[in-house]
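Colleague: So that you have it, the file is start.tsv, and it contains TSV, C-alpha atoms and all ligand atoms:
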chain	number	residue	atom	x	y	z
A	1322	MET	CA	21.12	11.61	8.85
A	1323	LEU	CA	19.98	10.35	12.27
A	1324	LEU	CA	18.34	6.95	12.01
A	1325	LEU	CA	16.51	5.63	15.05
A	1326	HIS	CA	17.10	2.02	16.00
A	1327	PRO	CA	13.76	0.12	15.54
A	1328	PHE	CA	13.79	-0.59	19.28
A	1329	LEU	CA	13.91	3.18	20.04
A	1330	THR	CA	11.05	3.89	17.61
A	1331	GLN	CA	8.98	1.24	19.38
A	1332	TYR	CA	9.95	2.73	22.75
A	1333	PHE	CA	8.76	6.26	21.74
A	1334	THR	CA	5.49	4.82	20.37
A	1335	PHE	CA	4.98	3.04	23.69
A	1336	VAL	CA	5.68	6.26	25.67
A	1337	ASP	CA	3.22	8.25	23.48
A	1338	ARG	CA	0.56	5.58	23.92
A	1339	GLU	CA	0.95	5.53	27.71
A	1340	GLU	CA	0.72	9.37	27.86
A	1341	ASN	CA	-2.38	9.39	25.60
A	1342	LYS	CA	-4.28	6.94	27.81
A	1343	LYS	CA	-5.57	9.70	30.08
A	1344	TYR	CA	-7.04	11.59	27.13
A	1345	TRP	CA	-10.09	11.34	24.89
A	1346	ALA	CA	-10.69	12.03	21.21
A	1347	LEU	CA	-14.14	13.41	20.34
A	1348	ILE	CA	-15.03	12.45	16.79
A	1349	LEU	CA	-18.07	13.95	15.06
A	1350	GLY	CA	-18.95	11.48	12.31
A	1351	ALA	CA	-17.22	8.51	13.98
A	1352	SER	CA	-19.15	5.68	12.35
A	1353	SER	CA	-17.83	5.72	8.79
A	1354	GLY	CA	-15.19	7.03	6.39
A	1355	PHE	CA	-12.49	9.33	7.81
A	1356	GLY	CA	-14.12	9.63	11.23
A	1357	GLY	CA	-14.37	5.84	11.64
A	1358	ALA	CA	-10.79	5.20	10.51
A	1359	THR	CA	-9.47	7.99	12.77
A	1360	ALA	CA	-11.44	6.70	15.77
A	1361	MET	CA	-9.74	3.31	15.36
A	1362	LYS	CA	-6.26	4.74	14.68
A	1363	LEU	CA	-6.37	7.09	17.68
A	1364	ALA	CA	-7.49	4.19	19.90
A	1365	GLU	CA	-4.40	2.30	18.68
A	1366	ASP	CA	-2.41	5.40	19.69
A	1367	GLY	CA	-3.85	5.14	23.21
A	1368	TYR	CA	-6.80	7.58	23.18
A	1369	ASN	CA	-10.26	6.78	24.52
A	1370	VAL	CA	-12.93	7.72	22.00
A	1371	ILE	CA	-16.22	9.64	22.15
A	1372	GLY	CA	-18.07	9.13	18.89
A	1373	VAL	CA	-21.04	11.08	17.55
A	1374	HIS	CA	-22.79	9.67	14.49
A	1375	LEU	CA	-26.17	9.38	12.77
A	1376	ASP	CA	-26.99	5.83	11.72
A	1377	ARG	CA	-30.03	3.72	10.98
A	1378	GLN	CA	-30.33	0.00	11.83
A	1379	ALA	CA	-28.76	-1.05	8.49
A	1380	THR	CA	-25.41	0.66	9.18
A	1381	MET	CA	-25.23	-0.11	12.91
A	1382	PRO	CA	-23.01	-3.22	12.35
A	1383	ASN	CA	-20.25	-0.88	11.14
A	1384	VAL	CA	-20.61	1.20	14.32
A	1385	GLU	CA	-20.26	-1.99	16.39
A	1386	LYS	CA	-17.13	-2.95	14.43
A	1387	ILE	CA	-15.51	0.41	15.24
A	1388	ILE	CA	-16.47	0.20	18.94
A	1389	ASP	CA	-15.12	-3.38	19.10
A	1390	HIS	CA	-11.82	-2.23	17.59
A	1391	ILE	CA	-11.49	0.58	20.16
A	1392	LYS	CA	-12.21	-1.87	22.98
A	1393	SER	CA	-9.74	-4.39	21.54
A	1394	GLN	CA	-7.09	-1.74	22.22
A	1395	GLN	CA	-8.20	-1.69	25.89
A	1396	ARG	CA	-9.58	1.82	25.35
A	1397	GLU	CA	-12.99	3.18	26.32
A	1398	ALA	CA	-15.68	4.05	23.78
A	1399	ILE	CA	-18.71	6.28	24.39
A	1400	PHE	CA	-20.88	6.58	21.27
A	1401	TYR	CA	-23.97	8.75	20.66
A	1402	ASN	CA	-26.32	8.10	17.74
A	1403	VAL	CA	-27.76	11.63	17.39
A	1404	ASN	CA	-27.93	14.57	15.01
A	1405	ALA	CA	-24.74	16.51	15.80
A	1406	ALA	CA	-26.41	19.73	14.61
A	1407	ASP	CA	-29.15	19.49	17.24
A	1408	GLN	CA	-28.37	22.17	19.81
A	1409	PHE	CA	-30.26	20.43	22.63
A	1410	LYS	CA	-28.49	17.11	22.05
A	1411	ARG	CA	-25.14	18.92	21.98
A	1412	VAL	CA	-25.80	20.59	25.33
A	1413	GLU	CA	-27.06	17.31	26.82
A	1414	ILE	CA	-24.04	15.32	25.60
A	1415	ALA	CA	-21.54	17.90	26.87
A	1416	LYS	CA	-23.22	17.88	30.31
A	1417	GLU	CA	-23.22	14.08	30.42
A	1418	LEU	CA	-19.56	13.99	29.35
A	1419	SER	CA	-18.70	16.51	32.04
A	1420	GLU	CA	-20.10	14.08	34.64
A	1421	LYS	CA	-18.50	10.99	33.09
A	1422	LEU	CA	-15.10	12.67	32.77
A	1423	ASN	CA	-15.32	14.25	36.26
A	1424	GLY	CA	-15.23	17.78	34.86
A	1425	GLN	CA	-11.59	17.29	33.79
A	1426	PRO	CA	-10.21	18.90	30.61
A	1427	VAL	CA	-9.29	15.60	29.00
A	1428	ILE	CA	-10.62	15.95	25.44
A	1429	LYS	CA	-7.33	16.34	23.60
A	1430	VAL	CA	-8.50	15.76	20.03
A	1431	LEU	CA	-11.68	17.00	18.38
A	1432	MET	CA	-12.39	15.99	14.80
A	1433	HIS	CA	-15.26	17.30	12.66
A	1434	SER	CA	-16.04	14.79	9.90
A	1435	LEU	CA	-19.77	15.19	9.28
A	1436	ALA	CA	-21.20	14.50	5.83
A	1437	PHE	CA	-24.80	15.66	5.63
A	1438	GLY	CA	-25.60	18.15	2.89
A	1439	THR	CA	-28.02	18.83	0.08
A	1440	LEU	CA	-26.60	17.99	-3.33
A	1441	LYS	CA	-28.73	20.04	-5.73
A	1442	LEU	CA	-28.07	22.55	-8.50
A	1443	PHE	CA	-28.52	26.30	-7.87
A	1444	ILE	CA	-29.84	26.89	-11.41
A	1445	PRO	CA	-31.15	23.66	-12.96
A	1446	GLU	CA	-31.90	23.76	-16.70
A	1447	THR	CA	-34.52	21.05	-16.62
A	1448	ASN	CA	-37.41	20.67	-14.20
A	1449	GLU	CA	-35.04	19.30	-11.55
A	1450	GLN	CA	-35.69	20.83	-8.13
A	1451	THR	CA	-33.53	23.80	-7.21
A	1452	ILE	CA	-31.85	23.99	-3.81
A	1453	THR	CA	-34.04	25.71	-1.21
A	1454	HIS	CA	-33.19	28.28	1.44
A	1455	ALA	CA	-33.72	25.68	4.19
A	1456	GLN	CA	-31.46	23.12	2.49
A	1457	MET	CA	-28.68	25.68	2.02
A	1458	GLU	CA	-28.92	26.73	5.70
A	1459	MET	CA	-28.99	23.10	6.91
A	1460	THR	CA	-25.92	22.17	4.85
A	1461	LEU	CA	-23.93	25.13	6.20
A	1462	ASP	CA	-25.12	24.45	9.75
A	1463	VAL	CA	-24.15	20.75	9.83
A	1464	MET	CA	-21.05	20.80	7.66
A	1465	ALA	CA	-19.50	24.09	8.85
A	1466	HIS	CA	-21.03	25.99	11.79
A	1467	SER	CA	-21.48	22.92	14.00
A	1468	LEU	CA	-17.68	22.82	14.35
A	1469	VAL	CA	-17.79	26.16	16.21
A	1470	TYR	CA	-20.78	25.17	18.37
A	1471	TRP	CA	-19.18	21.86	19.44
A	1472	VAL	CA	-15.89	23.54	20.31
A	1473	GLN	CA	-17.81	26.22	22.29
A	1474	GLU	CA	-19.80	23.58	24.20
A	1475	ILE	CA	-16.76	21.45	25.06
A	1476	HIS	CA	-14.84	24.59	26.08
A	1477	LEU	CA	-17.73	25.92	28.22
A	1478	ASN	CA	-17.86	22.61	30.09
A	1479	ASN	CA	-14.10	22.81	30.72
A	1480	LEU	CA	-13.48	19.57	28.85
A	1481	LEU	CA	-11.00	20.84	26.24
A	1482	ALA	CA	-7.40	20.00	27.10
A	1483	ASP	CA	-4.59	22.52	26.65
A	1484	LYS	CA	-2.17	21.64	23.82
A	1485	GLY	CA	-5.05	19.85	22.09
A	1486	ARG	CA	-5.68	19.38	18.39
A	1487	ILE	CA	-8.80	20.24	16.40
A	1488	PHE	CA	-9.30	18.94	12.87
A	1489	ALA	CA	-12.04	19.68	10.34
A	1490	MET	CA	-12.47	17.74	7.12
A	1491	THR	CA	-12.54	19.91	4.02
A	1492	SER	CA	-12.25	19.04	0.32
A	1493	SER	CA	-11.11	20.56	-2.97
A	1494	GLY	CA	-14.71	21.89	-3.16
A	1495	GLY	CA	-13.60	24.63	-0.75
A	1496	HIS	CA	-11.78	26.35	-3.63
A	1497	THR	CA	-13.16	24.76	-6.80
A	1498	ALA	CA	-16.64	24.19	-8.27
A	1499	ILE	CA	-18.16	20.72	-8.65
A	1500	PRO	CA	-21.62	20.09	-10.16
A	1501	TYR	CA	-24.36	19.57	-7.50
A	1502	TYR	CA	-21.82	20.35	-4.74
A	1503	GLY	CA	-22.56	24.12	-4.48
A	1504	ALA	CA	-23.95	24.11	-0.94
A	1505	VAL	CA	-21.24	21.75	0.33
A	1506	SER	CA	-18.56	23.90	-1.39
A	1507	ALA	CA	-19.91	26.93	0.47
A	1508	ALA	CA	-19.82	24.89	3.70
A	1509	LYS	CA	-16.19	23.92	3.07
A	1510	ALA	CA	-15.19	27.56	2.47
A	1511	ALA	CA	-16.97	28.55	5.71
A	1512	LEU	CA	-15.41	25.61	7.58
A	1513	GLU	CA	-11.91	26.67	6.49
A	1514	SER	CA	-12.67	30.20	7.72
A	1515	HIS	CA	-13.91	28.84	11.08
A	1516	VAL	CA	-10.65	26.86	11.37
A	1517	ARG	CA	-8.59	30.06	11.00
A	1518	GLN	CA	-10.76	31.91	13.52
A	1519	LEU	CA	-10.59	29.10	16.10
A	1520	ALA	CA	-6.83	28.86	15.58
A	1521	ILE	CA	-6.32	32.48	16.65
A	1522	GLU	CA	-8.82	32.32	19.50
A	1523	LEU	CA	-7.44	29.05	20.96
A	1524	GLY	CA	-3.75	29.72	20.31
A	1525	GLN	CA	-3.29	31.14	23.84
A	1526	ARG	CA	-4.08	27.65	25.15
A	1527	SER	CA	-1.65	26.07	22.68
A	1528	ILE	CA	-4.53	24.33	20.93
A	1529	SER	CA	-3.88	23.93	17.22
A	1530	VAL	CA	-6.68	23.93	14.67
A	1531	ASN	CA	-6.36	22.73	11.09
A	1532	ALA	CA	-8.45	21.86	8.06
A	1533	ILE	CA	-7.53	18.52	6.52
A	1534	MET	CA	-8.16	18.38	2.78
A	1535	ALA	CA	-8.61	14.77	1.76
A	1536	GLY	CA	-8.50	13.59	-1.82
A	1537	VAL	CA	-11.46	11.85	-3.44
A	1538	THR	CA	-12.19	8.82	-1.22
A	1539	ASP	CA	-14.67	6.03	-1.82
A	1540	THR	CA	-17.05	6.42	1.15
A	1541	PRO	CA	-20.87	6.45	1.50
A	1542	ALA	CA	-20.77	10.28	1.34
A	1543	LEU	CA	-18.91	10.28	-1.98
A	1544	ARG	CA	-21.33	7.72	-3.43
A	1545	LYS	CA	-24.18	10.20	-2.89
A	1546	ILE	CA	-22.64	12.89	-5.14
A	1547	PRO	CA	-24.14	12.74	-8.65
A	1548	GLY	CA	-21.33	11.84	-11.08
A	1549	ASN	CA	-19.20	10.20	-8.36
A	1550	GLN	CA	-17.99	7.49	-10.76
A	1551	SER	CA	-16.33	10.05	-13.04
A	1552	MET	CA	-14.94	11.86	-9.97
A	1553	ILE	CA	-13.32	8.55	-8.97
A	1554	GLU	CA	-11.89	7.94	-12.45
A	1555	ILE	CA	-10.50	11.48	-12.78
A	1556	ALA	CA	-9.01	11.36	-9.26
A	1557	LYS	CA	-7.24	8.08	-10.04
A	1558	GLN	CA	-5.71	9.66	-13.14
A	1559	LYS	CA	-4.80	12.92	-11.40
A	1560	ASN	CA	-3.37	11.47	-8.22
A	1561	PRO	CA	0.43	11.23	-8.48
A	1562	HIS	CA	0.20	7.98	-6.49
A	1563	GLY	CA	-2.13	6.50	-9.12
A	1564	ARG	CA	-4.81	5.54	-6.62
A	1565	LEU	CA	-7.57	7.06	-4.52
A	1566	THR	CA	-7.07	8.34	-0.98
A	1567	THR	CA	-8.32	5.93	1.69
A	1568	PRO	CA	-9.82	6.79	5.10
A	1569	GLU	CA	-6.78	5.09	6.66
A	1570	ASP	CA	-4.38	7.45	4.77
A	1571	VAL	CA	-6.11	10.40	6.41
A	1572	ALA	CA	-6.27	8.73	9.85
A	1573	LYS	CA	-2.50	8.26	9.71
A	1574	VAL	CA	-1.96	11.95	8.87
A	1575	ILE	CA	-4.12	12.96	11.84
A	1576	SER	CA	-2.26	10.54	14.11
A	1577	LEU	CA	1.02	12.10	12.95
A	1578	LEU	CA	-0.22	15.65	13.66
A	1579	CYS	CA	-1.29	14.55	17.17
A	1580	ARG	CA	2.26	13.54	18.05
A	1581	ASP	CA	4.64	15.76	19.96
A	1582	GLY	CA	5.77	18.63	17.71
A	1583	GLY	CA	2.52	18.74	15.73
A	1584	GLU	CA	1.21	21.56	17.94
A	1585	TRP	CA	3.08	24.24	15.96
A	1586	ILE	CA	1.13	23.43	12.78
A	1587	SER	CA	-2.00	25.54	13.17
A	1588	GLY	CA	-4.50	27.58	11.19
A	1589	GLY	CA	-3.63	25.73	8.03
A	1590	LEU	CA	-5.14	23.74	5.24
A	1591	ILE	CA	-3.25	20.48	5.10
A	1592	HIS	CA	-3.40	18.39	1.93
A	1593	ALA	CA	-3.92	14.73	2.83
A	1594	ASP	CA	-4.49	13.67	-0.77
A	1595	GLY	CA	-1.19	12.33	-2.09
A	1596	GLY	CA	-0.81	15.52	-4.17
A	1597	GLU	CA	-4.09	15.10	-6.07
A	1598	ASP	CA	-5.32	18.67	-5.75
A	1599	ILE	CA	-2.25	20.33	-7.30
A	1600	VAL	CA	-2.54	18.35	-10.54
A	1601	SER	CA	-4.48	20.13	-13.28
A	1602	PHE	CA	-3.22	18.13	-16.26
A	1603	VAL	CA	-4.61	14.63	-16.66
A	1604	GLY	CA	-2.34	12.55	-18.86
A	1605	LYS	CA	1.30	11.53	-18.99
A	1606	SER	CA	3.38	13.90	-16.84
A	1607	LYS	CA	6.74	12.27	-17.64
B	1701	LIG	N1	-15.21	11.12	0.68
B	1701	LIG	C1	-14.53	12.08	0.08
B	1701	LIG	O1	-14.13	11.97	-1.07
B	1701	LIG	C2	-14.20	13.33	0.87
B	1701	LIG	C3	-13.11	14.11	0.45
B	1701	LIG	C4	-12.77	15.24	1.16
B	1701	LIG	C5	-13.52	15.61	2.28
B	1701	LIG	N2	-14.57	14.85	2.67
B	1701	LIG	C6	-15.31	15.27	3.86
B	1701	LIG	O2	-15.02	14.40	4.93
B	1701	LIG	C7	-16.12	14.39	5.85
B	1701	LIG	C8	-16.54	12.96	6.14
B	1701	LIG	O3	-16.92	12.36	4.94
B	1701	LIG	P1	-16.82	10.78	4.68
B	1701	LIG	O4	-16.53	10.64	3.25
B	1701	LIG	O5	-15.93	10.16	5.69
B	1701	LIG	O6	-18.36	10.40	4.90
B	1701	LIG	P2	-19.09	9.12	5.49
B	1701	LIG	O7	-20.43	9.11	4.89
B	1701	LIG	O8	-18.23	7.90	5.36
B	1701	LIG	O9	-19.19	9.46	7.07
B	1701	LIG	C9	-19.98	10.53	7.51
B	1701	LIG	C10	-20.13	10.43	9.02
B	1701	LIG	O10	-20.92	11.56	9.45
B	1701	LIG	C11	-21.98	11.09	10.30
B	1701	LIG	N3	-23.08	12.06	10.19
B	1701	LIG	C12	-23.61	12.58	9.09
B	1701	LIG	N4	-24.53	13.51	9.41
B	1701	LIG	C13	-24.57	13.56	10.76
B	1701	LIG	C14	-25.31	14.33	11.68
B	1701	LIG	N5	-26.22	15.23	11.29
B	1701	LIG	N6	-25.08	14.11	13.00
B	1701	LIG	C15	-24.20	13.19	13.42
B	1701	LIG	N7	-23.45	12.45	12.59
B	1701	LIG	C16	-23.64	12.64	11.26
B	1701	LIG	C17	-22.31	9.71	9.76
B	1701	LIG	O11	-23.03	8.94	10.72
B	1701	LIG	C18	-20.89	9.18	9.49
B	1701	LIG	O12	-20.32	8.73	10.70
B	1701	LIG	C19	-17.21	15.25	5.21
B	1701	LIG	O13	-17.16	16.55	5.74
B	1701	LIG	C20	-16.81	15.25	3.75
B	1701	LIG	O14	-17.28	16.39	3.07
B	1701	LIG	C21	-14.94	13.71	1.99
Mind turning this structure into structure tokens?
Ligand SMILES: NC(=O)c1ccc[n+]([C@@H]2O[C@H](COP(=O)([O-])OP(=O)(O)OC[C@H]3O[C@@H](n4cnc5c(N)ncnc54)[C@H](O)[C@@H]3O)[C@@H](O)[C@H]2O)c1

Modeller:
Amino acid sequence: MLLLHPFLTQYFTFVDREENKKYWALILGASSGFGGATAMKLAEDGYNVIGVHLDRQATMPNVEKIIDHIKSQQREAIFYNVNAADQFKRVEIAKELSEKLNGQPVIKVLMHSLAFGTLKLFIPETNEQTITHAQMEMTLDVMAHSLVYWVQEIHLNNLLADKGRIFAMTSSGGHTAIPYYGAVSAAKAALESHVRQLAIELGQRSISVNAIMAGVTDTPALRKIPGNQSMIEIAKQKNPHGRLTTPEDVAKVISLLCRDGGEWISGGLIHADGGEDIVSFVGKSK
């Protein structure tokens, strides 16, 4: 087995970081959870970061913390506090970025990590409100279709770099059913389909596109799902590592896939969950 001397490993990390400095990572949902952790990790890897997020005054300190971390790596940060599903904002941001980045195709990483969906039952038994047509459409638009529209806009403005990487955050809801999660489940299934379609349409430019399936992770989005405490307990029991996934676990997987050689992994659904999803039996396995 070939073992690299620690000095050589450090040398290759340094070379990667220097090469990445001319590129940008565009992160949709950059202020929290997976998007926030990935923004900081990719800045450590040398990328400048464009962040899109939707925050009120109360959560702005976390946004500042992420921007400070990016800047502490001597990297640039451009953050937009807007609704990523707003078509006019998207067009405006892409135009502004085109000017700021001198019309160069320097966005090498695009990550979709938006959590904004309606968590209601389809057929409630009590007098709970049922999900409406508008709520279903909104959930699919933000959590799935906006991936396609952002990639289109960045591509149209000639900002997407060849050999780039696109990531979209999915969950086990894409292939299983979870109470109150019906609309988000549908969005995850659509998102995974969009990933496959983008992978074949962008393959000619050597851009790889993948869905990253994280395990249950304690973030503000998870806390909004009714029954999240039992989801956390079950996940801890199921996960072969005996703990929950963290945003940093996922950021490290994305960083790994951005390294040289990662380009040949495309069109896939990558488990970044420590093996949680494959476990169906909760109890002693050995
Ligand atoms: N937390 C989990 O257990 C888990 C597991 C698997 C997949 N996921 C998925 O990962 C993604 C990110 O989730 P998270 O847990 O990191 O959530 P989070 O709440 O920590 O972060 C969500 C981010 O999305 C931004 N956002 C939400 N709506 C927006 C909008 N309309 N416009 C612009 N920005 C918007 C927020 O500002 C924030 O930056 C989601 O797609 C979620 O479904 C979550």

Colleague: When you look at Thr1567 in chain A with a cut-off of 10 Å (counting all atoms listed in the file), what residues show up, excluding the ones that are within fewer than 5 positions of it in the same chain? I need them as number ranges by chain.

Modeller: A: 1354-1355, 1358, 1535-1540, 1572, 1593-1594

Colleague: Using all atoms listed in the file, which residues of the polymer chains come no farther than 6 Å from ligand LIG 1701 (chain B)? I'd like the answer as a PyMOL selection string.

Modeller: chain A and resi 1350-1356+1373-1376+1403-1406+1434-1437+1490-1492+1534-1543

Colleague: Skipping near chain neighbours, those fewer than 2 positions away, what residues fall within 7 Å of range 1556-1564 of chain A using all atoms listed in the file, listed as a VMD selection string?

Modeller: chain A and resid 1537 1552 to 1554 1566 1595 to 1597 1600 1603

Colleague: Report, in Å to a single decimal, how far apart CA of Gly1424 in chain A and CA of Asn1341 in chain A are.

Modeller: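 Interatomic distance here is 17.9 Å.
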
Colleague: Which distance in Å separates CA of Gly1503 in chain A and CA of Lys1441 in chain A, to one decimal?

Modeller: 7.5 Å

Colleague: One decimal, in Å: what's the spacing between CA of Ile1575 in chain A and CA of Gly1372 in chain A?

Modeller: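 Distance between the two atoms: 16.1 Å.
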
Colleague: Output as JSON lines one row per residue of range 1492-1604 of chain A within 12 Å of range 1452-1472 of chain A: the closest atom pair and its distance in Å to one decimal place, counting all atoms listed in the file, sorted by chain and residue number ascending.

Modeller:
{"residue": "A:Ser1492", "atom": "CA", "partner": "A:Met1464", "partner_atom": "CA", "distance": 11.6}
{"residue": "A:Gly1495", "atom": "CA", "partner": "A:Ala1465", "partner_atom": "CA", "distance": 11.3}
{"residue": "A:Tyr1501", "atom": "CA", "partner": "A:Ile1452", "partner_atom": "CA", "distance": 9.4}
{"residue": "A:Tyr1502", "atom": "CA", "partner": "A:Thr1460", "partner_atom": "CA", "distance": 10.6}
{"residue": "A:Gly1503", "atom": "CA", "partner": "A:Met1457", "partner_atom": "CA", "distance": 9.1}
{"residue": "A:Ala1504", "atom": "CA", "partner": "A:Met1457", "partner_atom": "CA", "distance": 5.8}
{"residue": "A:Val1505", "atom": "CA", "partner": "A:Thr1460", "partner_atom": "CA", "distance": 6.5}
{"residue": "A:Ser1506", "atom": "CA", "partner": "A:Leu1461", "partner_atom": "CA", "distance": 9.4}
{"residue": "A:Ala1507", "atom": "CA", "partner": "A:Leu1461", "partner_atom": "CA", "distance": 7.2}
{"residue": "A:Ala1508", "atom": "CA", "partner": "A:Leu1461", "partner_atom": "CA", "distance": 4.8}
{"residue": "A:Lys1509", "atom": "CA", "partner": "A:Ala1465", "partner_atom": "CA", "distance": 6.7}
{"residue": "A:Ala1510", "atom": "CA", "partner": "A:Ala1465", "partner_atom": "CA", "distance": 8.4}
{"residue": "A:Ala1511", "atom": "CA", "partner": "A:Ala1465", "partner_atom": "CA", "distance": 6.0}
{"residue": "A:Leu1512", "atom": "CA", "partner": "A:Ala1465", "partner_atom": "CA", "distance": 4.5}
{"residue": "A:Glu1513", "atom": "CA", "partner": "A:Ala1465", "partner_atom": "CA", "distance": 8.4}
{"residue": "A:Ser1514", "atom": "CA", "partner": "A:Ala1465", "partner_atom": "CA", "distance": 9.2}
{"residue": "A:His1515", "atom": "CA", "partner": "A:Val1469", "partner_atom": "CA", "distance": 7.0}
{"residue": "A:Val1516", "atom": "CA", "partner": "A:Leu1468", "partner_atom": "CA", "distance": 8.6}
{"residue": "A:Arg1517", "atom": "CA", "partner": "A:Val1469", "partner_atom": "CA", "distance": 11.3}
{"residue": "A:Gln1518", "atom": "CA", "partner": "A:Val1469", "partner_atom": "CA", "distance": 9.5}
{"residue": "A:Leu1519", "atom": "CA", "partner": "A:Val1469", "partner_atom": "CA", "distance": 7.8}
{"residue": "A:Ala1520", "atom": "CA", "partner": "A:Val1469", "partner_atom": "CA", "distance": 11.3}
{"residue": "A:Glu1522", "atom": "CA", "partner": "A:Val1472", "partner_atom": "CA", "distance": 11.3}
{"residue": "A:Leu1523", "atom": "CA", "partner": "A:Val1472", "partner_atom": "CA", "distance": 10.1}
{"residue": "A:Ile1528", "atom": "CA", "partner": "A:Val1472", "partner_atom": "CA", "distance": 11.4}
{"residue": "A:Val1530", "atom": "CA", "partner": "A:Val1472", "partner_atom": "CA", "distance": 10.8}
{"residue": "A:Asn1531", "atom": "CA", "partner": "A:Leu1468", "partner_atom": "CA", "distance": 11.8}
{"residue": "A:Ala1532", "atom": "CA", "partner": "A:Leu1468", "partner_atom": "CA", "distance": 11.2}

Colleague: Using all atoms listed in the file, which residue out of A:Ile1499, A:Ile1399, A:Ala1379, A:Met1432 lies closest to Leu1418 in chain A?

Modeller: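 Result for the nearest residue to Leu1418 in chain A: A:Ile1399.
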
Colleague: Excluding Ala1364 in chain A and any residue of its chain fewer than 2 positions from it, enumerate the residues within 9 Å of it, using only C-alpha atoms, and give them as a count of residues only.

Modeller: 18

Colleague: Using all atoms listed in the file for the distances, tell me which of A:Glu1340, A:Asp1598, A:Asp1407, A:Glu1420 is nearest to Leu1565 in chain A.

Modeller: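 Distance minimum relative to Leu1565 in chain A lands on A:Asp1598.
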